[in-house]
>>> print(open('upload.txt').read())   # compact mmCIF, C-alpha atoms
# COMPACT_ATOMS: atom_id res chain seq x y z
CA MET Y 110 31.92 -1.01 35.21
CA THR Y 111 33.43 1.62 32.93
CA GLN Y 112 36.87 1.18 31.44
CA THR Y 113 38.92 3.91 29.79
CA THR Y 114 40.45 1.57 27.21
CA TYR Y 115 39.09 -1.71 25.93
CA ASP Y 116 41.43 -3.66 23.67
CA LYS Y 117 39.28 -6.70 22.95
CA PRO Y 118 37.01 -7.23 19.95
CA LEU Y 119 33.71 -5.33 20.10
CA PRO Y 120 30.38 -6.01 18.45
CA VAL Y 121 29.45 -3.81 15.51
CA PRO Y 122 25.76 -2.88 15.74
CA ASP Y 123 23.88 -3.14 12.47
CA SER Y 124 20.34 -2.27 11.38
CA GLU Y 125 18.92 -5.38 13.08
CA SER Y 126 20.88 -5.22 16.35
CA THR Y 127 21.12 -1.47 17.08
CA PRO Y 128 18.02 -1.40 19.35
CA PHE Y 129 19.51 -4.27 21.40
CA TRP Y 130 22.83 -2.42 21.85
CA ASP Y 131 21.06 0.90 22.57
CA GLY Y 132 19.07 -0.86 25.30
CA MET Y 133 22.18 -2.44 26.79
CA ARG Y 134 23.82 1.00 26.98
CA GLU Y 135 20.72 2.27 28.85
CA GLY Y 136 20.75 -0.69 31.27
CA LYS Y 137 17.75 -2.44 29.67
CA LEU Y 138 17.54 -5.79 27.93
CA MET Y 139 15.63 -5.20 24.72
CA LEU Y 140 14.50 -8.23 22.75
CA GLN Y 141 12.42 -8.64 19.65
CA ARG Y 142 8.92 -10.03 19.99
CA CYS Y 143 6.67 -11.31 17.23
CA GLY Y 144 3.32 -9.51 17.22
CA SER Y 145 1.52 -12.59 15.87
CA THR Y 146 3.05 -15.44 17.85
CA GLY Y 147 4.15 -13.48 20.94
CA GLU Y 148 7.49 -15.32 20.73
CA PHE Y 149 10.60 -13.50 21.97
CA LEU Y 150 13.53 -13.76 19.56
CA PHE Y 151 17.29 -13.66 20.02
CA PRO Y 152 19.57 -12.93 18.27
CA PRO Y 153 17.86 -10.08 16.39
CA VAL Y 154 16.31 -10.97 13.04
CA THR Y 155 14.69 -9.12 10.16
CA PHE Y 156 11.56 -11.30 10.14
CA CYS Y 157 9.96 -13.63 12.69
CA PRO Y 158 10.58 -17.18 11.42
CA GLY Y 159 7.10 -18.26 12.57
CA SER Y 160 5.05 -15.52 10.92
CA LEU Y 161 7.45 -13.72 8.54
CA GLU Y 162 6.37 -10.44 10.19
CA ARG Y 163 8.77 -7.75 11.35
CA PRO Y 164 9.18 -8.18 15.11
CA GLU Y 165 8.72 -5.34 17.60
CA TRP Y 166 11.16 -4.45 20.38
CA ALA Y 167 10.13 -5.06 24.00
CA GLN Y 168 11.94 -4.81 27.31
CA ALA Y 169 12.75 -8.19 28.86
CA SER Y 170 13.41 -9.11 32.49
CA GLY Y 171 17.04 -10.25 32.12
CA ARG Y 172 16.25 -13.21 34.40
CA GLY Y 173 16.71 -16.82 33.39
CA THR Y 174 18.43 -20.11 34.07
CA VAL Y 175 21.66 -21.66 32.84
CA PHE Y 176 20.84 -24.03 29.99
CA SER Y 177 24.41 -24.97 29.08
CA TRP Y 178 27.92 -23.59 29.50
CA ILE Y 179 31.59 -24.00 28.69
CA VAL Y 180 34.63 -23.15 30.77
CA VAL Y 181 37.30 -21.42 28.70
CA ARG Y 182 40.74 -22.47 29.93
CA HIS Y 183 42.87 -21.84 26.85
CA PRO Y 184 42.73 -18.17 25.84
CA VAL Y 185 42.45 -17.35 22.15
CA PRO Y 186 43.95 -15.00 21.25
CA ARG Y 187 46.38 -15.52 24.09
CA ASP Y 188 47.59 -11.89 24.22
CA LEU Y 189 44.06 -10.56 24.91
CA TYR Y 190 42.56 -13.14 27.27
CA ALA Y 191 45.44 -14.80 29.16
CA ASP Y 192 44.67 -12.89 32.39
CA GLU Y 193 40.99 -13.91 32.36
CA VAL Y 194 41.04 -17.71 32.18
CA PRO Y 195 39.28 -19.68 33.35
CA TYR Y 196 35.97 -17.99 32.54
CA VAL Y 197 32.47 -19.26 31.84
CA VAL Y 198 30.40 -18.65 28.72
CA ALA Y 199 26.79 -19.69 29.26
CA ILE Y 200 23.66 -20.19 27.22
CA VAL Y 201 20.87 -18.76 29.36
CA GLU Y 202 17.22 -19.61 28.86
CA LEU Y 203 15.48 -16.33 29.58
CA GLU Y 204 12.11 -16.13 31.36
CA GLU Y 205 10.71 -14.89 28.06
CA GLY Y 206 11.52 -18.24 26.41
CA CYS Y 207 14.44 -17.50 24.11
CA ARG Y 208 18.08 -18.30 24.78
CA MET Y 209 20.95 -15.84 24.96
CA THR Y 210 24.69 -16.33 25.25
CA GLY Y 211 26.89 -14.34 27.62
CA ASN Y 212 29.70 -14.56 30.11
CA LEU Y 213 28.74 -15.85 33.56
CA VAL Y 214 30.53 -13.90 36.30
CA GLY Y 215 30.54 -13.99 40.07
CA VAL Y 216 30.64 -17.78 40.34
CA ALA Y 217 33.50 -20.28 40.25
CA PRO Y 218 33.46 -22.45 37.12
CA GLU Y 219 33.09 -25.62 39.21
CA ASP Y 220 29.98 -24.21 40.92
CA VAL Y 221 27.98 -23.61 37.72
CA LYS Y 222 24.95 -25.92 37.45
CA ALA Y 223 22.27 -26.50 34.84
CA GLY Y 224 19.11 -24.70 35.91
CA MET Y 225 21.02 -22.19 38.06
CA ALA Y 226 19.02 -18.95 38.36
CA VAL Y 227 20.86 -15.98 36.84
CA GLU Y 228 20.22 -12.34 36.03
CA LEU Y 229 21.73 -10.03 33.48
CA GLY Y 230 24.34 -7.47 34.40
CA PHE Y 231 25.56 -4.65 32.21
CA ASN Y 232 29.30 -4.35 31.59
CA ARG Y 233 29.98 -0.93 30.06
CA VAL Y 234 33.26 -1.33 28.18
CA THR Y 235 33.14 1.84 26.04
CA ALA Y 236 30.89 4.88 25.82
CA GLU Y 237 28.95 3.14 23.04
CA ILE Y 238 29.08 -0.55 23.96
CA THR Y 239 27.75 -2.31 27.05
CA LEU Y 240 28.24 -6.07 27.02
CA PRO Y 241 25.89 -8.57 28.67
CA ALA Y 242 27.27 -10.55 31.61
CA PHE Y 243 25.09 -12.89 33.64
CA ARG Y 244 25.60 -13.49 37.37
CA PRO Y 245 23.88 -15.75 39.92
CA ALA Y 246 20.47 -14.35 40.85
CA GLY Y 247 20.52 -12.33 44.05
CA ALA Y 248 24.31 -11.98 44.05
>>> encode(input="upload.txt", output="structure tokens")
Amino acid sequence: MTQTTYDKPLPVPDSESTPFWDGMREGKLMLQRCGSTGEFLFPPVTFCPGSLERPEWAQASGRGTVFSWIVVRHPVPRDLYADEVPYVVAIVELEEGCRMTGNLVGVAPEDVKAGMAVELGFNRVTAEITLPAFRPAGA
């Protein structure tokens, strides 16, 4: 989905997160992976906490399950999000083992369940930024 104007706050890629945001723009989920432990890491870090090595970037599947979620019913700030409530923000446990937060779309808030299979979608909001949005698997 491409929008001509996007008036909500946007992430600001930095030296640690730029490869993640570049991957999102290209329609790929890029996560860091520790060369020593094999552990996938999110959010991006400078050093793997288990080995203190610099992690490498690897493409991930984008598939996972809902670990936890909240339903946002009171928009803050009201002027930016009033038309979108209620919406679901989920913590997704990815197949690769780490957890990632993102909006959960394509499902009514009351139908969200722990363990629900989801997959990552790519919501292009500007030419530079594509935001993650999970949806029920197979939807």
>>> closest_residue(input="upload.txt", among="Y:Lys222, Y:Arg208, Y:Lys137, Y:Arg142", to="Trp178 (chain Y)", atoms="only C-alpha atoms")
Y:Lys222
>>> atom_distance(input="upload.txt", atom1="CA of Val234 (chain Y)", atom2="CA of Pro186 (chain Y)")
18.7 Å
>>> atom_distance(input="upload.txt", atom1="CA of Thr210 (chain Y)", atom2="CA of Gly159 (chain Y)")
21.8 Å
>>> residues_around(input="upload.txt", residues="region 124-134 of chain Y", least_positions_apart="4", cutoff="6 Å", atoms="all atoms listed in the file", output="ChimeraX atom specification")
/Y:138-139,153,239
>>> closest_residue(input="upload.txt", among="Y:Asn212, Y:Thr155, Y:Ser177, Y:Ser145", to="Leu229 (chain Y)", atoms="all atoms listed in the file")
Y:Asn212
>>> atom_distance(input="upload.txt", atom1="CA of Ala217 (chain Y)", atom2="CA of Val194 (chain Y)")
11.3 Å
>>> residues_around(input="upload.txt", residues="Leu203 (chain Y)", least_positions_apart="4", cutoff="8 Å", atoms="all atoms listed in the file", output="list in words")
Gly171, Arg172, Gly173, Thr174, Cys207, Arg208 and Met209 of chain Y
>>> closest_residue(input="upload.txt", among="Y:Asp123, Y:Gln168, Y:Ser160, Y:Asp116", to="Leu140 (chain Y)", atoms="all atoms listed in the file")
Y:Gln168
>>> closest_residue(input="upload.txt", among="Y:Leu119, Y:Ala169, Y:Ala191, Y:Val154", to="Glu237 (chain Y)", atoms="only C-alpha atoms")
Y:Leu119
